[in-house]
Each structure stands twice: as structure tokens, then as C-alpha cells.
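Colleague: I'd like to ask you about the structure that follows.
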Amino acid sequence: MGLKRFRSGRYIIRVFSFLLTLMFVLLVGSQSFGSPPKLTKTEILWDTYGVPHIYAKDNQSAFRSFGWAQMQSHGNLLLQLYGQARGRAAEYWGDEYLESDKWVQTVGVPERSHSWYLAQSREFRGYLDAFAAGINAYAQEHKDLIADEVEIVLPVKGEDVLAHQMRVLNFTFIVNPEQVADVSQKETQAGSNGWAIAPSHTENGHAMLLANPHLPWSDLFVWYEAQITAPGIDAYGATLVGIPVLAIAFNDNLGWTHTVNTLDGWDAYELKLANNGYRFDGQVRPFETKTLSLKVKQKDGALLSQKLLIRSSVHGPVISRKDGKTVALRVVGLDKPRVLEQWWDMARSKNLTQFQTVLERLQLPMFTVMYADREGHIMHLFNGQVPIRQKGDFEYWQGLIPGDTSKTLWTKTHPYEDLPRVIDPKSGWLQNANDPPWTTTFPQALNPDNYPSYMAPRGPIYFRAQRSLRMLAEDDKISLAEMISNKQSTRMELADRLLDELIPAIRNYKSELANRCADVLSAWDRQANADSRGAVLFASWADAIDLDSVFSKPWSENSPFTTPDGLANPQSAVTTLLTVAAKVEKTYGSLDVAWGDVFRLQSGDIDLPANGGDGYLGIFRVLNFAPLSDGRFKSVAGDSYVAAIEFSQPVKAMTLNSYGNATQPGSPYVGDQLKLLSRKQLRQVWRSRQDILEHLAERKAF
């Protein structure tokens with residue numbers, strides 16, 4: 001009996017131990033895969049790169065803390081952006097903002113932001129109010145740190161957040177006033193790279209994601225890096241300043257990035273005027289009109305009023321162009337007010353099924369979605385609100401559209417299932433470098449013939465995208481380190497296409513300058529690293545030639561990686577090169593001046609050699625420059641927020657916010673990451689509380 005009781009007791013202990021172990025595994029598992037532990041207080045832990053790690057007891061506290069954090073890092077910029085989104089910037093800061101106010105008011109941003117606010121769910125409306133409350137609370141507590149001239153924007157309301165979002169997405173990314181002024185040029189300077197790599201194509205069998213937007217380094221394009229932990233969410237990523245949720249993010253289960261896609265989400269309709277109205281379907285219709293009074297601050301502080309007459313047709317607001325034509329503007333997404341909630345729920349998703357369910361709402365008006373997850377799935381979605389059009393291909397809809405007939409007036413957009421999408425391709429990888437969706441992977445997984453011809457253009461694949469495709473296709477097993485190294489590639493695909501013919505053509509010219517040019521270009525490594533010599537000469541020549549006519553062999557769908565190719569007119573190419581070479585030598589004292597001596601990374605007292613260059617050269621590591629007075633150039637756009645993520649256990653991630661995680665004067669984080677950018681390095685992401693505390697710079701408890 002004693003032995004039986006002993007054995008029975010041991011059995012009970014073993015069962016109890018097993019149950020405890022099981023409970024522990026389940027608890028750890030739930031925390032690892034998307035369910036953060038319950039928090040009893042709210043605080044922001046700032047790491048040594050100025051990244052706020054928000055730990056919030058509830059979602060409202062998370063939004064309030066995020067508003068506080070954005071004000072601490074970007075307060076002056078944020079308030080300036082919100083003032084512009086109100087259409088009152090000229091009233092606050094003078095007539096240099098008058099054109100901005102006219103644009104914002106004409107397209108209806110302030111008025112629509114109110115209806116958008118009312119259209120939010122009650123819960124999310126509370127989140128927007130909390131974000132605004134965090135902004136106001138910081139400004140109240142730190143008046144001495146906020147510029148006097150922007151304080152006039154306070155207090156901020158939830159509607160301001162939506163007005164800013166609308167101005168950024170619908171009336172900057174989708175369409176902006178410069179595009180409307182010249183409707184034949186619909187491309188913007190915004191760009192991006194994105195990769196999703198499946199376990200079959202990685203070295204250690206874990207999916208990987210590369211996020212790499214290229215935007216201007218100022219104004220409403222500035223990225224802000226953060227981590228948000230609250231009930232139901234533990235996400236790390238970045239968003240544009242003033243946006244209250246992460247726009248590019250990852251958690252323990254999945255992640256996504258965006259690229260600017262080739263989506264046409266706006267059209268300009270040329271109106272035929274008649275009898276103070278416009279012709280439409282054989283009748284003359286009157287314009288809807290209203291008059292606003294815009295206030296403009298004068299140098300002495302006085303306010304003068306200026307009338308703004310806004311006319312609208314059935315298409316949308318009417319814009320007067322410099323060429324005298326009257327054009328009505330139609331833009332997608334104005335009936336989709338819940339973009340921010342969609343982004344919030346994307347970050348809360350735990351698997352591909354949940355993530356796609358959120359995407360199906362189609363609140364986000366544009367941007368490719370590139371996705372990867374812990375289970376090994378990868379996806380490329382040509383996301384956006386694509387108008388359902390009755391006629392015409394993509395090129396047709398780039399110009400002025402006849403506005404006198406309902407046959408050209410679209411009223412609906414395509415549902416989610418109509419959009420080009422690839423999940424888990426045989427290749428094991430997906431990419432987008434702002435090329436059409438058809439080239440997201442090879443062998444080609446999407447046939448453009450299966451979609452409306454206006455959905456996206458067909459070719460050519462430009463050189464940056466070709467470089468992207470080449471790096472993925474030529475490496476069967478890619479490690480995280482290799483992905484980061486490839487991301488930093490400055491090799492010029494354009495040089496690989498043309499130098500083999502250009503150099504012999506230069507040597508045939510038989511002049512002293514020609515021989516020196518040939519020697520420099522022959523010795524050049526065909527990269528735009530800081531120490532690359534020959535890159536300045538080649539890039540200067542590339543700027544001077546017409547890329548549409550320089551090639552002897554045009555781009556072909558049958559040879560997408562190797563065309564265009566060859567010199568159509570070698571003699572003309574050499575003549576142009578010699579002219580450029582004389583200017584380079586005169587300006588810099590040498591034909592083989594180092595790239596980093598000419599192209600610089602500057603912020604305050606920081607002045608460092610740059611590496612990388614314009615994407616049209618076929619450089620994957622994009623940096624765009626503006627001229628300085630001494631003949632050098634300063635980076636003003638390109639690689640901004642970068643994240644390289646491996647969905648291992650635990651998730652590994654490296655990141656960089658090129659210009660630093662703050663713009664507020666006096667912040668130590670303004671420009672502090674330029675040194676890493678100059679060295680082509682990313683930094684370790686700190687996500688666990690222990691890692692964050694080991695690199696803690698500041699703590700704010702609420």
C-alpha cells in the first residue's frame with residue numbers, strides 16, 4: 001500500500017509538473033506571437049537613437065503617448081504640417097503659404113476632415129482624440145521647447161490628424177498641385193524598394209523582409225521610428241510625422257512595407273465652357289460654387305483677407321491652368337475615411353489570413369504592399385483604389401480626359417480580388433522598385449493580359465528595378481547579412497550596359513583628354529561608393545545625354561534583364577563625354593575625383609562623404625542631391641527609413657533612419673545616424689524591454 005501511494009504521488013507530481021510546463025510554454029508562446037503582457041502603467045522608454053518605445057496600459061494611452069513622443073521629436077514640424085492641412089498656413093505665417101492654402105481649400109481637405117472624423121468608429125475616434133491630447137499636453141508642459149510661431153496651431157484636434165493624413169496621401173502622393181499644372185507628368189519624386197524573401201530562398205530557412213522607402217528628407221515626408229506595445233499590439237516600425245499609427249511595421253508574426261506603385265488614382269478632365277457653365281452629355285450644367293475668405297498675415301502682423309472662389313463640376317473641383325484650359329480634378333479615396341484604422345489593424349494582425357482580411361477593406365488609396373511572416377508566407381499586392389474605367393489604356397489616362405461625357409467619368413473602384421497579387425511564388429522572392437506589378441518576380445507570376453489595360457503600365461523595367469531583380473535572381477540562398485549588403489549596393493546598372501561600348505569609342509577618338517577619360521572609366525569600379533573614382537565623370541555624362549535615344553537596342557519584354565543596351569551613336573556619346581569631362585576637371589581639379597568628395601551628407605556641423613546616387617543610374621541605394629555653392633552636392637532625398645527583418649525565433653531586425661529620429665532644434669538625434677549612413681551600416685533594433693533598458697536614454701512615465 002505504501003509503495004502504491006508513493007507511485008501514485010510521483011504520478012501526480014509528474015502530471016502537475018507537466019501542466020506547469022505546458023502553461024509556461026503557452027504563456028511564452030502567446031507573448032512571442034502577438035499578445036504582449038498586460039501592462040498596468042504607461043511609459044515611454046527612449047533609446048540612445050531617440051526611438052520611443054511606448055508601453056501603454058490601454059490603446060488610448062498608446063495613442064496619447066505617441067502624440068507626446070512625436071511632439072518631443074518633431075514638435076515644430078508637426079504643428080506646421082497641421083497648420084497647412086487646415087488651409088490656414090498663410091494666416092499663421094504669411095503669404096509664402098498662400099498657394100498651399102488655396103490648394104488645400106480648393107480640394108476640400110478642411111471641410112472633408114470633419115465628415116471623415118464623424119465617419120470613424122466611436123472607438124477609433126477616441127484614439128484620434130487621444131493622439132491630439134498627447135500633442136497638446138506636451139506643448140502645454142514644454143512651451144519653452146516649441147517655437148513661438150507654431151504655437152498658434154494649438155490646440156490640435158482629432159480632425160487635424162485626418163486633414164493632415166488626407167493632404168499627405170490623397171493630395172500629395174496621389175496627386176499634387178505641380179502634377180495638375182502639367183498633367184502629362186504624373187510621376188512624383190517619391191520612390192522605394194521592397195523585398196519579401198521566402199524560406200526556400202534564404203540561407204537559414206526563415207522568411208525575410210526589406211523595407212526601403214526613398215522620400216525627401218524634409219516637410220511632410222519625414223519618417224519617425226517607434227515601437228508601440230499595448231493590449232493586442234507589439235509592433236515596431238515607422239510612420240510619417242503627424243500620422244498616429246505605424247505605416248511600415250513588423251511584429252513577432254509578420255511584417256510589411258510599402259512602395260510607391262504605378263497606380264493612376266487621379267484624372268484631369270478638360271471642360272468645355274458654355275453660358276457660365278460646362279457641357280456634359282449634351283447639356284450645359286452650372287458649376288457648384290462657394291467663396292471662401294483666406295486670411296494672409298502681413299509683415300507687420302496685420303491680417304488681410306483674400307477671396308477664393310471654388311468651382312466644382314460633376315468630376316470634382318475645378319483648377320485653372322497656366323495654358324488657359326479649365327480642368328476638373330477627380331481623385332480616388334475621398335469616400336474612404338478609415339485608412340488609419342486599417343494601418344492600426346494591419347499591425348495587430350497575427351497571420352496572413354488576418355492580414356488579408358484587413359487589406360480587403362481597401363481604405364489605403366495607393367502603395368504596393370510587400371509582406372512576409374513567421375510561417376514562411378510572402379505576398380506582393382498591387383494595393384490601391386483603381387478606378388473602373390470604360391475605355392482606354394494606362395497611357396490614355398495620363399493626359400487630359402474629355403470632360404463633356406459621362407462615358408469617361410468613373411464612379412467606382414476595383415474590389416480587392418481584382419488587384420494584381422502574388423502569394424508564395426515558385427521563385428521564392430518578390431520585389432518592387434516602383435516598377436509595374438508584372439515584374440515582381442521571375443518566372444513571371446502575373447500576366448498583364450489578365451487585367452484591364454489601364455490597371456498599370458507595361459514596361460519598360462528601369463535600371464534600379466533591373467538591379468533589384470538581378471540581385472535576387474542570381475543568389476539562390478540569401479542570408480540577412482547578404483540582404484543588407486545587397487540593399488547597400490551602389491553599383492550602376494547603367495554603367496554595365498554602356499561602358500563596354502563607350503570606352504572603346506573614347507579610345508578611338510585619339511586625343512589626350514579622351515585617353516585620360518578612357519583610363520579613368522576603365523579603372524572605375526562602376527560603383528558610387530565614397531571612394532569610387534570615375535563615378536562623378538560617368539554620372540555627369542549620364543546627366544547630359546538623352547537616355548530615351550542613347551541605346552541602340554530598346555527595352556524588350558523578352559529580354560527584361562539585359563535591355564536596353566548598346567550605344568546608338570558612339571561618336572555623339574564621346575563628344576558629349578569630352579565636353580562634360582572638361583567641366584568636371586575644371587570644377588574639381590581632376591577627372592577621377594572621389595564620389596564622396598563631391599557628394600556629401602550634411603546636417604548642422606556634420607559633413608560626411610556620401611555613397612549612393614540616383615535610381616535612374618541603376619543604383620539600388622538611392623540618394624538624391626541638391627547643388628551647394630561650392631560645386632559639391634548635399635543629400636536631400638532618397639534612402640530614409642530602412643529595415644531588414646528576419647522572421648526567426650526571436651525576430652532579428654536591423655534598421656536606420658538616415659537623417660536621425662528628430663527634427664526639433666536642440667535634439668541630440670538630429671542627423672546622428674548620418675555617420676552610419678556614410679559607413680553603409682544599419683543599427684540593431686532593440687525590441688525586448690531588457691535590450692531597451694540597457695540602451696536607455698530617457699524615461700517618461702504617465
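By convention here, the chains of the C-alpha cells are called A, B, ... in the order presented, each chain's residues are numbered starting at 1, and ligands are numbered starting at 1 in the order presented.
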Please tabulate, as CSV, the residues of stretch 294-392 of chain A that come within 6 Å of stretch 257-277 of chain A, each with its closest pair of atoms and the distance in Å to one decimal, counting only C-alpha atoms and ordering rows by chain, then residue number upward.
Modeller:
```
residue,atom,partner,partner_atom,distance
A:Thr326,CA,A:Leu271,CA,5.8
A:Val327,CA,A:Glu270,CA,4.6
A:Ala328,CA,A:Tyr269,CA,5.1
A:Leu329,CA,A:Ala268,CA,4.9
A:Arg330,CA,A:Asp267,CA,5.3
A:Val331,CA,A:Trp266,CA,4.4
A:Val332,CA,A:Gly265,CA,5.4
A:Phe367,CA,A:Val260,CA,4.9
A:Thr368,CA,A:Thr259,CA,5.1
A:Val369,CA,A:His258,CA,5.0
A:Met370,CA,A:Thr257,CA,5.3
```
Colleague: Write down as an NGL selection string the residues of stretch 115-156 of chain A whose backbone DSSP state falls under helix (DSSP H, G or I).
Modeller: :A and (115-119 or 122-141 or 143-145 or 148-153)
Colleague: Mind listing the strand (DSSP E) residues of stretch 453-622 of chain A, per DSSP on the backbone, as a list of chain:residue names?
Modeller: A:Phe551, A:Ser552, A:Lys553, A:Asp565, A:Gly566, A:Leu567, A:Phe599, A:Arg600, A:Leu601, A:Gln602, A:Ser603, A:Ile606, A:Asp607, A:Leu608, A:Pro609
Colleague: Counting only C-alpha atoms, what is within 9 Å of A:Arg338, bar same-chain residues fewer than 6 positions away, as a VMD selection string?
Modeller: chain A and resid 116 119 to 121 363 to 364
Colleague: Can you work out the spacing between atom CA of A:Arg687 and atom CA of A:Met483 in Å, to one decimal?
Modeller: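 Atom-to-atom, atom CA of A:Arg687 to atom CA of A:Met483, that is 20.8 Å.
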Colleague: Name the residues in contact with A:Ala643 at a cut-off of 12 Å, using only C-alpha atoms, excluding same-chain residues fewer than 3 positions from it; report them as a PyMOL selection string.
Modeller: chain A and resi 193-196+208-213+225+236-238+248-250+255-258+480+483-484+487-488+639-640+646+652-658+681-685
Colleague: Calculated over only C-alpha atoms, which of the candidates A:Leu469, A:Lys583, A:Tyr92, A:Ala535 has the smallest distance to A:Ala523?
Modeller: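 Of the candidates, the smallest distance to A:Ala523 is held by A:Ala535.
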